[in-house]
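Only one structure is covered here, and it is reproduced in the block below.
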Amino acid sequence: MNVKEIAEKLNLKVLSGASGLSNEISFGYASDLLSDVMGNAKSGEVWITLQTHKNVMAIASLKDLAAVILVSGLQPESDMAAQSDEEGIPVLSSSEDAFTLIGKLYELLKK
Amino acid sequence: MHFEFQVEGGNFSKAGTASSQLKKILKQLNVDSRDIKRVVVALYEAEVNVVAHAYQGVIIIDIDTEKIRIRIEDEGPGIKDIDLAMQQGFSTASELVREMGFGAGMGLPNIKNNTDELTVTSEVGKGTNVHMLINFSI
Ligand SMILES: Nc1ncnc2c1ncn2[C@@H]1O[C@H](COP(=O)(O)OP(=O)(O)OP(=O)(O)O)[C@@H](O)[C@H]1O
Ligand SMILES: [Mg+2]
């Protein structure tokens with residue numbers, strides 16, 4: 001499933017990085033600890049977090065992640081959005097909290 | 001091949017720049033993507049440690065067909081107990097740095113897990129040297 005399909009199914013807003021909407025999503029990784037994501041996320045995964053600063057995009061790019069989903073209606077800081085556009089890694093926003101969003105996402109992505 | 005990058009302590013907006021440039025270089029050199037992944041994790045963590053914990057540093061990289069050797073040498077407070085610092089969960093990161101999601105105490109363990117050789121040396125009040133080596137898989 002690609003980023004655009006997930007965004008439509010889960011009613012997510014595309015906040016930046018729209019050029020990456022066709023990125024394929026392999027699975028998801030949820031964490032707000034950056035070194036945890038650095039060590040354990042796998043390429044092609046979508047990252048669910050409440051961190052909204054630029055270092056999120058540095059990690060998403062270095063790890064070849066498909067997209068980032070911010071939960072609870074959070075918005076990216078402007079330099080995070082700018083880097084998302086540059087890298088073509090979409091930042092999406094969900095109005096739902098992490099538990100609810102991740103539960104739905106898991107149903108869509110589980111193998 | 002030899003490359004050097006400067007790292008500014010405290011400047012989180014530039015954290016990861018050297019790692020990103022090295023990733024591009026390794027791709028151009030057609031290094032196996034699994035090896036690139038290991039290098040990127042290890043260098044990023046060492047780079048962020050200079051940003052989060054030290055004043056300034058330099059990254060010195062030497063690449064040949066078989067391996068990559070990276071040295072990160074910083075001027076900073078140094079590490080009092082290196083064995084303790086290597087343990088997962090140990091962190092002296094400031095409250096501000098933790099709020100950003102750093103400070104899990106997983107950076108040095110991530111470096112250890114992704115390198116074939118790792119040596120950390122440090123002098124309290126002067127700085128820290130991290131030397132790592134990754135053998136390419138082909
Ligand atoms: N370059 C450095 N200069 C001074 N102290 C350091 C340096 N690198 C690591 N340390 C010390 O070692 C501790 C553990 O480092 P490690 O990278 O494992 O975790 P962290 O940086 O605190 O958090 P994380 O990497 O998970 O964001 C640090 O909190 C710090 O006390
Ligand atoms: Mg660290």
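Chain labels follow the order of the structure tokens: the first chain is A, the next B, and so on; residue numbering restarts at 1 in every chain, and ligands are counted from 1 in their shown order.
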
Surroundings of ligand 2 up to 10 Å, based on only C-alpha atoms and all ligand atoms, as a compact mmCIF listing (two decimals) with C-alpha atoms, in the first residue's frame:
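This went into pocket_25.txt:
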# COMPACT_ATOMS: atom_id res chain seq x y z
CA LEU A 34 15.06 9.12 18.03
CA SER A 35 17.84 6.62 18.72
CA TYR B 44 24.64 9.54 12.82
CA GLU B 45 24.76 8.50 16.48
CA ALA B 46 28.36 9.63 16.86
CA GLU B 47 27.62 12.90 15.08
CA VAL B 48 24.60 13.63 17.31
CA ASN B 49 26.66 12.83 20.39
CA VAL B 50 29.04 15.65 19.48
CA VAL B 51 26.07 17.98 18.92
CA ALA B 52 24.33 16.94 22.16
CA HIS B 53 27.26 16.47 24.52
CA ALA B 85 28.21 5.23 28.97
CA PHE B 90 22.57 5.51 30.44
CA SER B 91 22.33 9.19 29.50
CA THR B 92 23.36 12.55 30.88
CA ALA B 93 21.38 14.45 28.22
CA PHE B 102 17.25 12.32 22.23
CA GLY B 103 18.74 11.00 25.46
CA ALA B 104 17.42 7.43 25.44
CA GLY B 105 20.93 6.18 26.05
CA MET B 106 20.78 4.09 22.91
CA GLY B 107 23.27 5.92 20.68
CA LEU B 108 26.50 4.22 21.76
CA PRO B 109 24.78 0.76 21.82
CA ASN B 110 23.54 1.48 18.26
CA ILE B 111 27.12 2.25 17.22

Quick one: everything within 10 Å of Ile82 (chain B), counting only C-alpha atoms, minus sequence neighbours fewer than 5 positions away in the same chain. Send it as an NGL selection string. :B and (87 or 120-122)

Only all heavy atoms, please: the residues just picked out, written as an mmCIF file, in the first residue's frame.
data_model
loop_
_atom_site.group_PDB
_atom_site.id
_atom_site.type_symbol
_atom_site.label_atom_id
_atom_site.label_comp_id
_atom_site.auth_asym_id
_atom_site.auth_seq_id
_atom_site.Cartn_x
_atom_site.Cartn_y
_atom_site.Cartn_z
ATOM 1 N N GLN B 87 26.424 1.425 28.252
ATOM 2 C CA GLN B 87 25.234 0.645 28.624
ATOM 3 C C GLN B 87 23.963 1.293 28.099
ATOM 4 O O GLN B 87 23.780 2.503 28.207
ATOM 5 C CB GLN B 87 25.137 0.520 30.149
ATOM 6 C CG GLN B 87 26.151 -0.455 30.714
ATOM 7 C CD GLN B 87 26.060 -0.553 32.229
ATOM 8 O OE1 GLN B 87 25.021 -0.251 32.808
ATOM 9 N NE2 GLN B 87 27.153 -0.957 32.847
ATOM 10 N N VAL B 120 36.294 3.687 22.086
ATOM 11 C CA VAL B 120 35.975 5.014 22.614
ATOM 12 C C VAL B 120 37.044 5.367 23.634
ATOM 13 O O VAL B 120 37.301 4.597 24.565
ATOM 14 C CB VAL B 120 34.581 5.033 23.288
ATOM 15 C CG1 VAL B 120 34.263 6.427 23.817
ATOM 16 C CG2 VAL B 120 33.500 4.566 22.315
ATOM 17 N N THR B 121 37.698 6.513 23.445
ATOM 18 C CA THR B 121 38.653 6.989 24.443
ATOM 19 C C THR B 121 38.269 8.417 24.798
ATOM 20 O O THR B 121 37.676 9.117 23.982
ATOM 21 C CB THR B 121 40.106 6.969 23.904
ATOM 22 O OG1 THR B 121 40.135 7.653 22.656
ATOM 23 C CG2 THR B 121 40.602 5.550 23.704
ATOM 24 N N SER B 122 38.585 8.799 26.020
ATOM 25 C CA SER B 122 38.124 10.113 26.443
ATOM 26 C C SER B 122 38.979 10.651 27.570
ATOM 27 O O SER B 122 39.523 9.884 28.373
ATOM 28 C CB SER B 122 36.667 9.997 26.913
ATOM 29 O OG SER B 122 36.135 11.270 27.125
#

What is the distance between CA of Lys67 (chain B) and CA of Ala66 (chain A), in Å to one decimal? 28.9 Å

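On the backbone of this structure, DSSP gives strand (DSSP E) within chain A to Lys13, Val14, Leu15, Ser16, Gly28, Tyr29, Ala30, Val46, Trp47, Ile48, Thr49, Ala67, Val68, Ile69, Leu70, Val91, Leu92 and Ser93 of chain A.
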
Residues from last step as file, all heavy atoms, as a compact mmCIF listing (two decimals), in the first residue's frame:
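Output contents, as saved in part08.txt:
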# COMPACT_ATOMS: atom_id res chain seq x y z
N LYS A 13 -4.23 14.12 7.01
CA LYS A 13 -3.91 15.31 6.21
C LYS A 13 -2.48 15.22 5.72
O LYS A 13 -1.57 14.90 6.49
CB LYS A 13 -4.05 16.57 7.08
CG LYS A 13 -5.47 17.09 7.14
CD LYS A 13 -5.46 18.53 7.67
CE LYS A 13 -6.75 18.82 8.37
NZ LYS A 13 -6.63 18.96 9.82
N VAL A 14 -2.27 15.53 4.45
CA VAL A 14 -0.90 15.60 3.92
C VAL A 14 -0.39 17.01 4.16
O VAL A 14 -0.90 17.97 3.60
CB VAL A 14 -0.88 15.28 2.41
CG1 VAL A 14 0.56 15.36 1.88
CG2 VAL A 14 -1.48 13.91 2.15
N LEU A 15 0.62 17.15 5.03
CA LEU A 15 1.09 18.48 5.42
C LEU A 15 2.28 18.95 4.60
O LEU A 15 2.51 20.14 4.46
CB LEU A 15 1.46 18.49 6.90
CG LEU A 15 0.32 18.09 7.85
CD1 LEU A 15 0.82 18.08 9.28
CD2 LEU A 15 -0.87 19.02 7.71
N SER A 16 3.06 18.00 4.08
CA SER A 16 4.24 18.36 3.28
C SER A 16 4.75 17.11 2.58
O SER A 16 4.28 16.00 2.84
CB SER A 16 5.35 18.94 4.18
OG SER A 16 5.68 17.99 5.18
N GLY A 28 5.06 -0.42 9.86
CA GLY A 28 5.16 0.81 10.63
C GLY A 28 6.09 0.67 11.82
O GLY A 28 6.38 -0.43 12.28
N TYR A 29 6.56 1.82 12.33
CA TYR A 29 7.34 1.85 13.56
C TYR A 29 6.91 3.05 14.37
O TYR A 29 6.85 4.16 13.85
CB TYR A 29 8.85 1.92 13.27
CG TYR A 29 9.65 1.50 14.47
CD1 TYR A 29 9.82 0.15 14.77
CD2 TYR A 29 10.20 2.44 15.34
CE1 TYR A 29 10.52 -0.26 15.90
CE2 TYR A 29 10.90 2.04 16.48
CZ TYR A 29 11.06 0.69 16.75
OH TYR A 29 11.74 0.30 17.87
N ALA A 30 6.55 2.82 15.64
CA ALA A 30 6.06 3.90 16.49
C ALA A 30 7.03 4.15 17.62
O ALA A 30 7.34 3.24 18.39
CB ALA A 30 4.69 3.53 17.06
N VAL A 46 6.60 3.33 7.79
CA VAL A 46 6.04 4.63 8.14
C VAL A 46 6.27 4.83 9.64
O VAL A 46 6.12 3.90 10.43
CB VAL A 46 4.54 4.72 7.75
CG1 VAL A 46 3.71 3.64 8.44
CG2 VAL A 46 3.98 6.09 8.07
N TRP A 47 6.69 6.05 10.01
CA TRP A 47 7.06 6.33 11.40
C TRP A 47 5.95 7.16 12.05
O TRP A 47 5.61 8.22 11.55
CB TRP A 47 8.38 7.08 11.41
CG TRP A 47 8.89 7.55 12.75
CD1 TRP A 47 8.41 7.24 13.99
CD2 TRP A 47 10.01 8.43 12.96
NE1 TRP A 47 9.16 7.88 14.96
CE2 TRP A 47 10.14 8.60 14.37
CE3 TRP A 47 10.91 9.08 12.11
CZ2 TRP A 47 11.12 9.41 14.92
CZ3 TRP A 47 11.89 9.88 12.67
CH2 TRP A 47 12.01 10.04 14.06
N ILE A 48 5.42 6.64 13.16
CA ILE A 48 4.35 7.34 13.88
C ILE A 48 4.98 7.97 15.13
O ILE A 48 5.60 7.28 15.95
CB ILE A 48 3.21 6.37 14.30
CG1 ILE A 48 2.62 5.72 13.05
CG2 ILE A 48 2.13 7.10 15.07
CD1 ILE A 48 3.27 4.40 12.68
N THR A 49 4.80 9.29 15.29
CA THR A 49 5.47 9.98 16.39
C THR A 49 4.74 11.26 16.77
O THR A 49 3.85 11.71 16.04
CB THR A 49 6.94 10.31 16.02
OG1 THR A 49 7.61 10.88 17.14
CG2 THR A 49 7.02 11.29 14.86
N ALA A 67 7.28 7.55 5.10
CA ALA A 67 6.52 8.74 5.50
C ALA A 67 6.56 8.85 7.02
O ALA A 67 6.97 7.92 7.72
CB ALA A 67 5.08 8.64 5.03
N VAL A 68 6.13 10.02 7.52
CA VAL A 68 6.02 10.24 8.97
C VAL A 68 4.57 10.63 9.25
O VAL A 68 3.99 11.45 8.53
CB VAL A 68 6.96 11.39 9.42
CG1 VAL A 68 6.77 11.71 10.89
CG2 VAL A 68 8.42 11.05 9.12
N ILE A 69 3.97 10.02 10.27
CA ILE A 69 2.62 10.43 10.69
C ILE A 69 2.70 11.06 12.08
O ILE A 69 3.18 10.43 13.03
CB ILE A 69 1.65 9.23 10.73
CG1 ILE A 69 1.59 8.53 9.36
CG2 ILE A 69 0.24 9.72 11.15
CD1 ILE A 69 0.67 7.31 9.34
N LEU A 70 2.25 12.31 12.18
CA LEU A 70 2.16 12.98 13.47
C LEU A 70 0.76 12.73 14.04
O LEU A 70 -0.24 12.85 13.32
CB LEU A 70 2.40 14.49 13.30
CG LEU A 70 3.74 14.88 12.68
CD1 LEU A 70 3.84 16.41 12.56
CD2 LEU A 70 4.91 14.34 13.48
N VAL A 91 4.95 14.20 5.32
CA VAL A 91 4.53 14.29 6.71
C VAL A 91 3.01 14.38 6.71
O VAL A 91 2.43 15.25 6.06
CB VAL A 91 5.13 15.53 7.42
CG1 VAL A 91 4.55 15.68 8.83
CG2 VAL A 91 6.65 15.40 7.50
N LEU A 92 2.38 13.44 7.41
CA LEU A 92 0.92 13.38 7.48
C LEU A 92 0.50 13.67 8.91
O LEU A 92 1.28 13.48 9.85
CB LEU A 92 0.43 11.98 7.09
CG LEU A 92 1.04 11.37 5.82
CD1 LEU A 92 0.61 9.93 5.68
CD2 LEU A 92 0.64 12.17 4.61
N SER A 93 -0.75 14.12 9.07
CA SER A 93 -1.22 14.37 10.42
C SER A 93 -2.55 13.66 10.66
O SER A 93 -3.43 13.65 9.80
CB SER A 93 -1.38 15.88 10.62
OG SER A 93 -2.00 16.12 11.87

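Of the listed residues (A:Asp79, A:Asp32, A:Glu24, A:Asp85), A:Asp32 comes nearest to ligand 1; the distances count only C-alpha atoms and all ligand atoms.
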
I need the chain A residues near chain B as number ranges by chain; criterion: at most 9 Å, counting only C-alpha atoms. A: 32-36, 38-39, 51-55, 58-59, 61-63, 79

Convert the current residue selection to file output with C-alpha atoms, as a PDB file, in the first residue's frame.
ATOM      1  CA  ASP A  32       9.247   9.188  20.132  1.00  0.00           C
ATOM      2  CA  LEU A  33      12.843   8.254  20.969  1.00  0.00           C
ATOM      3  CA  LEU A  34      15.064   9.118  18.029  1.00  0.00           C
ATOM      4  CA  SER A  35      17.844   6.617  18.722  1.00  0.00           C
ATOM      5  CA  ASP A  36      15.224   3.877  19.041  1.00  0.00           C
ATOM      6  CA  MET A  38      17.605   4.968  14.274  1.00  0.00           C
ATOM      7  CA  GLY A  39      18.467   1.545  15.667  1.00  0.00           C
ATOM      8  CA  GLN A  51       8.088  14.728  17.588  1.00  0.00           C
ATOM      9  CA  THR A  52       7.690  17.725  15.284  1.00  0.00           C
ATOM     10  CA  HIS A  53      11.223  19.036  14.678  1.00  0.00           C
ATOM     11  CA  LYS A  54      13.654  18.826  11.779  1.00  0.00           C
ATOM     12  CA  ASN A  55      15.757  15.967  13.174  1.00  0.00           C
ATOM     13  CA  ALA A  58      17.042  13.751   8.998  1.00  0.00           C
ATOM     14  CA  ILE A  59      16.371  10.319  10.483  1.00  0.00           C
ATOM     15  CA  SER A  61      15.832  10.295   5.177  1.00  0.00           C
ATOM     16  CA  LEU A  62      18.873   8.431   6.526  1.00  0.00           C
ATOM     17  CA  LYS A  63      16.693   5.357   7.235  1.00  0.00           C
ATOM     18  CA  ASP A  79      11.990  23.585   8.940  1.00  0.00           C
TER      19      ASP A  79
END

Pick out the closest residue to ligand 1 from this set: A:Val37, A:Leu74, A:Ala82, A:Ile89. Count only C-alpha atoms and all ligand atoms. A:Val37

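The shell of residues at most 12 Å from Glu107 (chain A), with only C-alpha atoms counted and near chain neighbours (fewer than 4 positions) removed, consists of A:Ile6, A:Lys9, A:Leu10, A:Phe27, A:Gly28, A:Thr100, A:Leu101, A:Ile102, A:Gly103, A:Lys111.
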
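Using only C-alpha atoms, the contacts of Asn23 (chain A) at a cut-off of 10 Å, with sequence neighbours closer than 4 positions omitted, comprise A:Met1, A:Asn2, A:Val3, A:Lys4, A:Ser19, A:Gly44, A:Glu45, A:Val46, A:Leu65, A:Ala66, A:Ala67, A:Gly88, A:Ile89, A:Pro90.
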
Glu96 (chain A) proximity check over A:Leu50, A:Met57, A:Leu12, A:Val71, using only C-alpha atoms: winner is A:Val71
